[in-house]
Number of protein chains: 2
Amino acid sequence: MIAETILSPVTSELALVEERLLQDIGGDVELISEIIRYVLKSGGKRVRPALLLLSAKLCGYCGGSRNIELAVAAEYMHAATLIHDDIIDRADKRRGLPSANNAWGPQISVLAGDFLYARSIQILVTDGDLAVLQTFADATVRMIEGQVREVQMAGNLDLTYNEYLNIMTLKTAALISAACRTGALIADRPAEDVAALTEFGLNVGIGFQLVDDALDFVAEEYRLGKPVGNDFKEGKMTFPVLHVMRTGSEADKGRIRELVAQETIGESDLAEVKAIMERYGAVAATMELVRNYLKKAKASLGSFPDSDAKRSLVLMVDFIGDRDW
Amino acid sequence: MIAETILSPVTSELALVEERLLQDIGGDVELISEIIRYVLKSGGKRVRPALLLLSAKLCGYCGGSRNIELAVAAEYMHAATLIHDDIIDRADKRRGLPSANNAWGPQISVLAGDFLYARSIQILVTDGDLAVLQTFADATVRMIEGQVREVQMAGNLDLTYNEYLNIMTLKTAALISAACRTGALIADRPAEDVAALTEFGLNVGIGFQLVDDALDFVAEEYRLGKPVGNDFKEGKMTFPVLHVMRTGSEADKGRIRELVAQETIGESDLAEVKAIMERYGAVAATMELVRNYLKKAKASLGSFPDSDAKRSLVLMVDFIGDRDW
């Protein structure tokens, strides 16, 4: 979890979000409630709610409970994509537990994801702010575009850095950015502050995704909640792999091509991949890029005066750069 | 297709909707465009756009192109549920062609459905009317609830008529009702007119679904676009089956139970089911109920003065009762 001290300015708000998230949302449909509780309980880090709440606090929001409601909506959207992602990846595990797809099958998982997304839209409509609605509607379209492109790019070792970063921006950063932007919107801040937090969230989101990429090769399964090397096994392109394809010897690049083309990747194959990664400092290069993005993110906060919320956002950026989950 | 004469008051609007539907909506993602074009081209009846446009005309809407945009959004939502439905039902065919699920696999189909739904929300947000947004957001949540309950009720022959009709109201009638309601909303009609068209759509929707149920036993595959008896084979409860369970002899009810419990249903099994249905006039009883709902639907139009649009809506109701697709 994110250290409590980092989140101290929004402790009480996060507790309210948590309470709302675990409320019975499936209505009469017990099965839906069960799946959603399962997905939402299984240890999400609540990164999007935390960023939305801190952004709102940074912007001086104190208008009621819109921050709570919208943080819940953002987490619902995220959870919906996780559920559908697991169908797409045929993932067995998510956060150390069997995935919903694995536990209930793809049929019900499709509907559980649809339901969470539809409920999040209902929350946004009830909130009734068209600028916020636009923000999340656009983010969702981008997110799905990114997911489709990622599926299409599976196994494509000729992806350029730019193509790759574009996909990650759509897939991961769009929603994180929407959460931060929303914090400024509900506090009725001028356009330049809204733009600053949008930009902040975009860079945090790209950094976040790149750490994910690095963790695929260096994390420990019990911390990560899913098997290490999973992205590689699935043929998903990650930055460390692309780094080798750009900087490696012909022999090593050829070996990576062979391995990616293989039907299944065993433990010894994975060890070989990791050895090649190490030869070119692929994880170090990824983390170097992470630092760049996170530095840009912090710079976006420059125009905001010092405050508890600002210090927390900076600490959270550092934390994202250092995370091992 | 719905006869052109029936739709004559909205011919030009429907042509615009059709044009918009087949526009390239996947943006840079060619694969998404391809799937969506495939799904939208494969002969949908555009029931929801037609009802929305006629309802708007009935209510005197003449404010611009909101009717076109919202009709497109309604059809996107419908198409999104069809794509996800096919994953849920593992359907091979849809409208006589291989389903998207069959043609592209469940992974990409999940995302294509998500994309269509997200785009429909984007259209609603751009339209910017919170009452319309609320209408569709609520309809979507209900629709998904209905789908989940239907999956849960598969093979449950002890379902009461009421339980069954509730599920169909959620699954099918909610979105059709939303389309009709929207026609009144964009024409700025008083609450009682909005309520009348909401009620109209609800009854049309239930009638529409019941005809679907009947067609599962009496349609011809080339008209229906999917195999006859498909619902029965899938263990989906339909009104004719429930009618037999309520009115049949112990022997026939027992036989239906045996058949529903069977792993697969062959052509001779299906012939036997049809014979049992005929013994109790199950399809006739279903069509009797259809007539009741459609009569109620027409009654909801009572307070509207006579007009081309009103005559068309009445003809459309009759057409839905007589359809063989």
# chains A, B, ... in the order shown; residues from 1 in each chain; ligands from 1
$ interface_residues --of "chain B" --to "chain A" --cutoff "6 Å" --atoms "only C-alpha atoms" --output "count of residues only"
6
$ calpha_fit_and_write --fixed "chain B" --moving "chain A" --output "compact mmCIF listing (two decimals) with C-alpha atoms, in the first residue's frame"
# COMPACT_ATOMS: atom_id res chain seq x y z
CA MET A 1 -36.19 -4.35 -42.78
CA ILE A 2 -38.96 -2.18 -41.48
CA ALA A 3 -41.15 -1.22 -44.45
CA GLU A 4 -40.17 2.16 -45.84
CA THR A 5 -43.73 3.39 -45.85
CA ILE A 6 -43.92 2.95 -42.08
CA LEU A 7 -40.86 5.09 -41.59
CA SER A 8 -41.64 7.71 -44.22
CA PRO A 9 -41.88 10.63 -41.74
CA VAL A 10 -38.22 10.10 -40.79
CA THR A 11 -36.73 8.79 -44.03
CA SER A 12 -34.21 11.57 -44.40
CA GLU A 13 -33.23 11.46 -40.71
CA LEU A 14 -32.71 7.70 -40.85
CA ALA A 15 -30.49 8.12 -43.90
CA LEU A 16 -28.34 10.58 -41.95
CA VAL A 17 -28.15 8.18 -39.02
CA GLU A 18 -27.09 5.40 -41.37
CA GLU A 19 -24.40 7.60 -42.86
CA ARG A 20 -23.08 8.53 -39.41
CA LEU A 21 -23.15 4.91 -38.25
CA LEU A 22 -20.94 3.76 -41.07
CA GLN A 23 -18.49 6.62 -40.68
CA ASP A 24 -15.07 5.70 -39.50
CA ILE A 25 -15.34 5.84 -35.74
CA GLY A 26 -12.33 3.87 -34.68
CA GLY A 27 -10.02 6.83 -35.27
CA ASP A 28 -6.48 5.63 -35.71
CA VAL A 29 -7.38 2.12 -34.70
CA GLU A 30 -8.18 0.42 -38.00
CA LEU A 31 -9.09 -2.87 -36.35
CA ILE A 32 -11.79 -1.24 -34.23
CA SER A 33 -13.26 0.53 -37.27
CA GLU A 34 -13.31 -2.74 -39.13
CA ILE A 35 -15.19 -4.64 -36.42
CA ILE A 36 -17.65 -1.86 -35.80
CA ARG A 37 -18.37 -1.41 -39.49
CA TYR A 38 -18.89 -5.15 -39.72
CA VAL A 39 -21.31 -5.23 -36.80
CA LEU A 40 -23.21 -2.10 -37.82
CA LYS A 41 -23.41 -3.09 -41.48
CA SER A 42 -24.69 -6.58 -40.95
CA GLY A 43 -28.32 -5.70 -41.30
CA GLY A 44 -29.50 -4.20 -38.02
CA LYS A 45 -33.10 -3.07 -38.12
CA ARG A 46 -32.32 0.29 -36.49
CA VAL A 47 -35.36 -0.13 -34.27
CA ARG A 48 -33.99 2.18 -31.57
CA PRO A 49 -32.99 5.01 -33.93
CA ALA A 50 -36.34 4.74 -35.72
CA LEU A 51 -38.28 4.92 -32.44
CA LEU A 52 -36.18 7.83 -31.18
CA LEU A 53 -36.62 9.79 -34.40
CA LEU A 54 -40.35 9.11 -34.60
CA SER A 55 -40.83 9.99 -30.92
CA ALA A 56 -38.96 13.25 -31.43
CA LYS A 57 -41.07 14.03 -34.49
CA LEU A 58 -44.25 13.16 -32.62
CA CYS A 59 -43.20 15.68 -29.98
CA GLY A 60 -42.51 18.37 -32.56
CA TYR A 61 -38.72 18.34 -32.26
CA CYS A 62 -37.16 20.58 -34.86
CA GLY A 63 -34.14 21.94 -33.07
CA GLY A 64 -31.25 20.77 -35.23
CA SER A 65 -29.36 17.50 -35.34
CA ARG A 66 -29.61 16.31 -31.76
CA ASN A 67 -32.08 13.64 -32.87
CA ILE A 68 -29.53 12.24 -35.34
CA GLU A 69 -26.66 12.27 -32.85
CA LEU A 70 -28.69 10.65 -30.10
CA ALA A 71 -30.13 8.02 -32.45
CA VAL A 72 -26.55 7.12 -33.36
CA ALA A 73 -25.63 6.89 -29.67
CA ALA A 74 -28.61 4.61 -28.99
CA GLU A 75 -27.61 2.30 -31.85
CA TYR A 76 -23.98 2.25 -30.66
CA MET A 77 -25.16 1.17 -27.22
CA HIS A 78 -27.31 -1.52 -28.72
CA ALA A 79 -24.46 -2.74 -30.94
CA ALA A 80 -22.11 -2.77 -27.93
CA THR A 81 -24.47 -5.06 -26.05
CA LEU A 82 -24.84 -7.34 -29.09
CA ILE A 83 -21.07 -7.74 -29.29
CA HIS A 84 -20.77 -8.52 -25.59
CA ASP A 85 -23.89 -10.72 -25.74
CA ASP A 86 -22.28 -12.89 -28.36
CA ILE A 87 -19.32 -13.45 -26.04
CA ILE A 88 -21.71 -14.33 -23.23
CA ASP A 89 -23.73 -16.69 -25.43
CA ARG A 90 -20.66 -17.96 -27.25
CA ALA A 91 -22.76 -17.27 -30.36
CA ASP A 92 -21.36 -18.27 -33.73
CA LYS A 93 -23.81 -16.31 -35.80
CA ARG A 94 -25.44 -12.91 -35.63
CA ARG A 95 -27.76 -11.69 -38.35
CA GLY A 96 -26.76 -14.56 -40.62
CA LEU A 97 -23.05 -13.77 -40.48
CA PRO A 98 -20.31 -15.05 -38.19
CA SER A 99 -20.51 -13.08 -34.93
CA ALA A 100 -17.70 -10.65 -34.06
CA ASN A 101 -16.81 -13.06 -31.29
CA ASN A 102 -16.44 -15.81 -33.86
CA ALA A 103 -14.63 -13.67 -36.43
CA TRP A 104 -12.19 -11.81 -34.14
CA GLY A 105 -12.23 -13.78 -30.90
CA PRO A 106 -13.51 -12.76 -27.47
CA GLN A 107 -10.47 -10.64 -26.58
CA ILE A 108 -10.90 -8.08 -29.32
CA SER A 109 -14.69 -8.33 -29.12
CA VAL A 110 -14.64 -7.26 -25.47
CA LEU A 111 -12.74 -4.13 -26.47
CA ALA A 112 -14.88 -3.43 -29.54
CA GLY A 113 -17.99 -3.47 -27.33
CA ASP A 114 -16.28 -1.27 -24.74
CA PHE A 115 -15.24 1.16 -27.44
CA LEU A 116 -18.75 1.48 -28.87
CA TYR A 117 -20.20 2.06 -25.43
CA ALA A 118 -17.54 4.64 -24.57
CA ARG A 119 -18.12 6.45 -27.89
CA SER A 120 -21.85 6.53 -27.25
CA ILE A 121 -21.20 8.19 -23.89
CA GLN A 122 -18.93 10.70 -25.63
CA ILE A 123 -21.76 11.57 -28.02
CA LEU A 124 -24.17 12.04 -25.11
CA VAL A 125 -21.68 14.25 -23.27
CA THR A 126 -21.12 16.36 -26.38
CA ASP A 127 -24.89 16.71 -26.72
CA GLY A 128 -24.69 17.96 -23.14
CA ASP A 129 -28.20 17.31 -21.82
CA LEU A 130 -28.06 15.82 -18.33
CA ALA A 131 -31.62 14.49 -18.51
CA VAL A 132 -30.74 12.52 -21.66
CA LEU A 133 -27.50 11.35 -20.09
CA GLN A 134 -29.37 10.18 -17.01
CA THR A 135 -31.87 8.35 -19.19
CA PHE A 136 -29.23 6.37 -21.03
CA ALA A 137 -26.98 5.83 -18.00
CA ASP A 138 -29.90 4.33 -16.08
CA ALA A 139 -30.96 2.24 -19.07
CA THR A 140 -27.47 0.80 -19.41
CA VAL A 141 -27.24 -0.21 -15.77
CA ARG A 142 -30.65 -1.90 -16.05
CA MET A 143 -29.71 -3.63 -19.29
CA ILE A 144 -26.61 -5.16 -17.76
CA GLU A 145 -28.53 -6.18 -14.64
CA GLY A 146 -31.02 -7.93 -16.91
CA GLN A 147 -28.27 -9.73 -18.78
CA VAL A 148 -26.66 -10.96 -15.56
CA ARG A 149 -29.98 -12.18 -14.23
CA GLU A 150 -30.68 -13.94 -17.51
CA VAL A 151 -27.36 -15.77 -17.29
CA GLN A 152 -28.15 -16.72 -13.70
CA MET A 153 -31.63 -17.94 -14.65
CA ALA A 154 -30.42 -20.16 -17.48
CA GLY A 155 -32.04 -23.58 -17.17
CA ASN A 156 -34.31 -22.42 -14.34
CA LEU A 157 -37.72 -23.78 -15.34
CA ASP A 158 -39.28 -22.63 -12.08
CA LEU A 159 -39.01 -18.98 -13.01
CA THR A 160 -42.34 -17.22 -12.50
CA TYR A 161 -43.90 -15.14 -15.29
CA ASN A 162 -43.22 -12.05 -13.20
CA GLU A 163 -39.56 -12.82 -12.63
CA TYR A 164 -39.20 -13.56 -16.30
CA LEU A 165 -40.95 -10.37 -17.43
CA ASN A 166 -38.84 -8.32 -15.02
CA ILE A 167 -35.67 -9.66 -16.56
CA MET A 168 -36.91 -8.92 -20.08
CA THR A 169 -37.93 -5.41 -19.05
CA LEU A 170 -34.39 -4.76 -17.83
CA LYS A 171 -32.61 -6.56 -20.64
CA THR A 172 -34.51 -5.31 -23.68
CA ALA A 173 -37.18 -2.78 -22.84
CA ALA A 174 -35.01 -0.36 -20.82
CA LEU A 175 -32.97 0.83 -23.82
CA ILE A 176 -35.95 0.93 -26.20
CA SER A 177 -37.81 2.97 -23.60
CA ALA A 178 -34.80 5.30 -23.21
CA ALA A 179 -34.81 5.91 -26.97
CA CYS A 180 -38.50 6.90 -26.97
CA ARG A 181 -38.16 9.01 -23.81
CA THR A 182 -35.25 10.86 -25.39
CA GLY A 183 -37.47 11.90 -28.29
CA ALA A 184 -39.73 13.73 -25.81
CA LEU A 185 -36.83 15.14 -23.79
CA ILE A 186 -35.11 16.84 -26.71
CA ALA A 187 -38.42 18.37 -27.79
CA ASP A 188 -38.73 19.95 -24.31
CA ARG A 189 -42.10 18.37 -23.68
CA PRO A 190 -43.82 18.51 -20.28
CA ALA A 191 -43.27 15.69 -17.80
CA GLU A 192 -46.48 13.85 -18.68
CA ASP A 193 -45.47 13.51 -22.34
CA VAL A 194 -42.01 12.32 -21.32
CA ALA A 195 -43.66 9.76 -19.04
CA ALA A 196 -46.08 8.68 -21.79
CA LEU A 197 -43.27 7.97 -24.25
CA THR A 198 -41.19 6.25 -21.58
CA GLU A 199 -44.15 3.97 -20.90
CA PHE A 200 -44.76 3.51 -24.62
CA GLY A 201 -41.17 2.36 -25.14
CA LEU A 202 -41.29 0.03 -22.16
CA ASN A 203 -44.34 -1.81 -23.49
CA VAL A 204 -43.01 -1.87 -27.05
CA GLY A 205 -39.76 -3.28 -25.68
CA ILE A 206 -41.40 -6.07 -23.70
CA GLY A 207 -43.58 -6.93 -26.72
CA PHE A 208 -40.49 -6.91 -28.93
CA GLN A 209 -38.69 -9.33 -26.62
CA LEU A 210 -41.67 -11.67 -26.38
CA VAL A 211 -41.86 -11.86 -30.19
CA ASP A 212 -38.18 -12.80 -30.07
CA ASP A 213 -39.06 -15.61 -27.70
CA ALA A 214 -41.80 -16.90 -30.00
CA LEU A 215 -39.53 -16.68 -33.04
CA ASP A 216 -37.06 -19.02 -31.35
CA PHE A 217 -39.59 -21.78 -32.09
CA VAL A 218 -41.30 -20.70 -35.30
CA ALA A 219 -38.92 -18.55 -37.33
CA GLU A 220 -36.94 -19.62 -40.33
CA GLU A 221 -33.19 -19.35 -39.93
CA TYR A 222 -32.66 -17.33 -43.10
CA ARG A 223 -35.03 -14.64 -41.84
CA LEU A 224 -33.89 -14.76 -38.22
CA GLY A 225 -30.17 -14.63 -38.97
CA LYS A 226 -29.42 -17.13 -36.23
CA PRO A 227 -30.31 -20.79 -35.75
CA VAL A 228 -33.91 -21.51 -34.76
CA GLY A 229 -34.17 -23.01 -31.28
CA ASN A 230 -30.96 -21.27 -30.29
CA ASP A 231 -32.34 -19.84 -27.04
CA PHE A 232 -33.63 -23.27 -26.04
CA LYS A 233 -30.31 -24.89 -26.88
CA GLU A 234 -28.52 -22.29 -24.77
CA GLY A 235 -30.82 -23.01 -21.83
CA LYS A 236 -32.27 -19.49 -22.01
CA MET A 237 -35.70 -19.25 -20.55
CA THR A 238 -38.35 -17.97 -22.95
CA PHE A 239 -42.03 -17.36 -22.48
CA PRO A 240 -43.28 -20.33 -24.54
CA VAL A 241 -41.21 -22.71 -22.41
CA LEU A 242 -42.49 -21.16 -19.18
CA HIS A 243 -46.03 -21.44 -20.54
CA VAL A 244 -45.63 -25.20 -20.91
CA MET A 245 -44.17 -25.42 -17.40
CA ARG A 246 -47.28 -23.68 -16.10
CA THR A 247 -49.97 -25.38 -18.17
CA GLY A 248 -48.50 -28.70 -19.32
CA SER A 249 -49.09 -32.24 -18.10
CA GLU A 250 -46.64 -33.69 -15.60
CA ALA A 251 -45.26 -35.92 -18.34
CA ASP A 252 -44.61 -33.06 -20.75
CA LYS A 253 -43.14 -30.83 -18.05
CA GLY A 254 -40.89 -33.69 -17.01
CA ARG A 255 -39.79 -34.16 -20.61
CA ILE A 256 -38.92 -30.45 -20.90
CA ARG A 257 -36.90 -30.73 -17.69
CA GLU A 258 -35.00 -33.68 -19.11
CA LEU A 259 -34.30 -31.89 -22.37
CA VAL A 260 -33.13 -28.68 -20.66
CA ALA A 261 -30.81 -30.76 -18.48
CA GLN A 262 -29.32 -32.45 -21.54
CA GLU A 263 -25.77 -31.51 -22.52
CA THR A 264 -26.68 -30.86 -26.17
CA ILE A 265 -29.95 -30.52 -28.04
CA GLY A 266 -30.17 -32.23 -31.43
CA GLU A 267 -32.64 -31.61 -34.25
CA SER A 268 -34.95 -34.42 -33.15
CA ASP A 269 -34.95 -33.04 -29.58
CA LEU A 270 -35.90 -29.65 -30.95
CA ALA A 271 -38.70 -31.18 -33.02
CA GLU A 272 -39.99 -32.82 -29.85
CA VAL A 273 -39.89 -29.52 -27.96
CA LYS A 274 -41.81 -27.85 -30.77
CA ALA A 275 -44.44 -30.59 -30.68
CA ILE A 276 -44.90 -30.10 -26.94
CA MET A 277 -45.10 -26.31 -27.44
CA GLU A 278 -47.83 -26.84 -30.03
CA ARG A 279 -49.82 -29.10 -27.72
CA TYR A 280 -50.26 -26.19 -25.30
CA GLY A 281 -50.46 -23.38 -27.80
CA ALA A 282 -47.32 -21.91 -26.22
CA VAL A 283 -46.47 -19.66 -29.15
CA ALA A 284 -50.09 -18.52 -29.48
CA ALA A 285 -50.14 -17.69 -25.75
CA THR A 286 -46.92 -15.71 -26.16
CA MET A 287 -48.39 -13.76 -29.08
CA GLU A 288 -51.53 -13.11 -27.04
CA LEU A 289 -49.33 -11.50 -24.38
CA VAL A 290 -47.50 -9.56 -27.09
CA ARG A 291 -50.80 -8.11 -28.25
CA ASN A 292 -51.56 -7.00 -24.69
CA TYR A 293 -48.29 -5.15 -24.35
CA LEU A 294 -48.57 -3.57 -27.78
CA LYS A 295 -52.12 -2.47 -27.02
CA LYS A 296 -50.87 -0.79 -23.85
CA ALA A 297 -48.11 0.84 -25.88
CA LYS A 298 -50.60 2.32 -28.33
CA ALA A 299 -52.74 3.56 -25.44
CA SER A 300 -49.75 5.56 -24.18
CA LEU A 301 -49.89 7.59 -27.37
CA GLY A 302 -53.51 8.57 -26.66
CA SER A 303 -52.81 12.10 -25.50
CA PHE A 304 -50.84 13.03 -28.61
CA PRO A 305 -52.83 14.57 -31.47
CA ASP A 306 -52.99 12.73 -34.76
CA SER A 307 -49.96 13.22 -37.00
CA ASP A 308 -47.83 11.37 -39.55
CA ALA A 309 -45.38 10.48 -36.79
CA LYS A 310 -48.13 9.10 -34.56
CA ARG A 311 -49.55 6.96 -37.37
CA SER A 312 -46.04 5.68 -38.06
CA LEU A 313 -45.47 4.76 -34.43
CA VAL A 314 -48.75 2.83 -34.40
CA LEU A 315 -47.80 1.05 -37.63
CA MET A 316 -44.42 0.26 -36.17
CA VAL A 317 -46.03 -1.27 -33.11
CA ASP A 318 -48.16 -3.48 -35.38
CA PHE A 319 -45.12 -4.33 -37.44
CA ILE A 320 -43.20 -5.42 -34.34
CA GLY A 321 -46.09 -7.70 -33.45
CA ASP A 322 -46.03 -9.29 -36.92
CA ARG A 323 -42.29 -9.44 -37.52
CA ASP A 324 -40.64 -12.67 -38.57
CA TRP A 325 -37.02 -11.55 -37.93
$ select_by_dssp --residues "range 43-203 of chain A" --states "alpha helix (DSSP H)" --output "VMD selection string"
chain A and resid 47 to 58 66 to 88 100 to 127 130 to 152 161 to 168 174 to 186 191 to 203
$ select_by_dssp --residues "range 14-194 of chain A" --states "strand (DSSP E or B)" --output "ChimeraX atom specification"
/A:93-94,97-98
$ write_last_selection --atoms "all heavy atoms" --output "compact mmCIF listing (two decimals), in the first residue's frame"
# COMPACT_ATOMS: atom_id res chain seq x y z
N LYS A 93 -4.24 -14.79 -12.63
CA LYS A 93 -4.09 -14.15 -11.33
C LYS A 93 -4.16 -12.65 -11.46
O LYS A 93 -3.75 -12.07 -12.46
CB LYS A 93 -2.74 -14.50 -10.71
CG LYS A 93 -2.74 -15.83 -9.98
CD LYS A 93 -1.44 -15.96 -9.25
CE LYS A 93 -1.33 -17.32 -8.58
NZ LYS A 93 -0.06 -17.42 -7.85
N ARG A 94 -4.64 -12.01 -10.43
CA ARG A 94 -4.68 -10.55 -10.34
C ARG A 94 -4.51 -10.23 -8.87
O ARG A 94 -5.28 -10.71 -8.05
CB ARG A 94 -6.01 -10.04 -10.89
CG ARG A 94 -6.36 -8.61 -10.61
CD ARG A 94 -5.55 -7.60 -11.36
NE ARG A 94 -5.80 -7.57 -12.80
CZ ARG A 94 -5.13 -6.74 -13.63
NH1 ARG A 94 -4.20 -5.92 -13.15
NH2 ARG A 94 -5.38 -6.77 -14.92
N LEU A 97 -4.53 -13.13 -6.32
CA LEU A 97 -5.71 -13.99 -6.20
C LEU A 97 -6.14 -14.43 -7.60
O LEU A 97 -5.77 -13.81 -8.59
CB LEU A 97 -6.87 -13.22 -5.56
CG LEU A 97 -6.71 -12.85 -4.08
CD1 LEU A 97 -7.82 -11.91 -3.67
CD2 LEU A 97 -6.72 -14.11 -3.22
N PRO A 98 -6.93 -15.50 -7.69
CA PRO A 98 -7.45 -15.85 -9.01
C PRO A 98 -8.18 -14.64 -9.60
O PRO A 98 -8.89 -13.93 -8.89
CB PRO A 98 -8.44 -16.98 -8.72
CG PRO A 98 -8.00 -17.56 -7.42
CD PRO A 98 -7.40 -16.42 -6.64
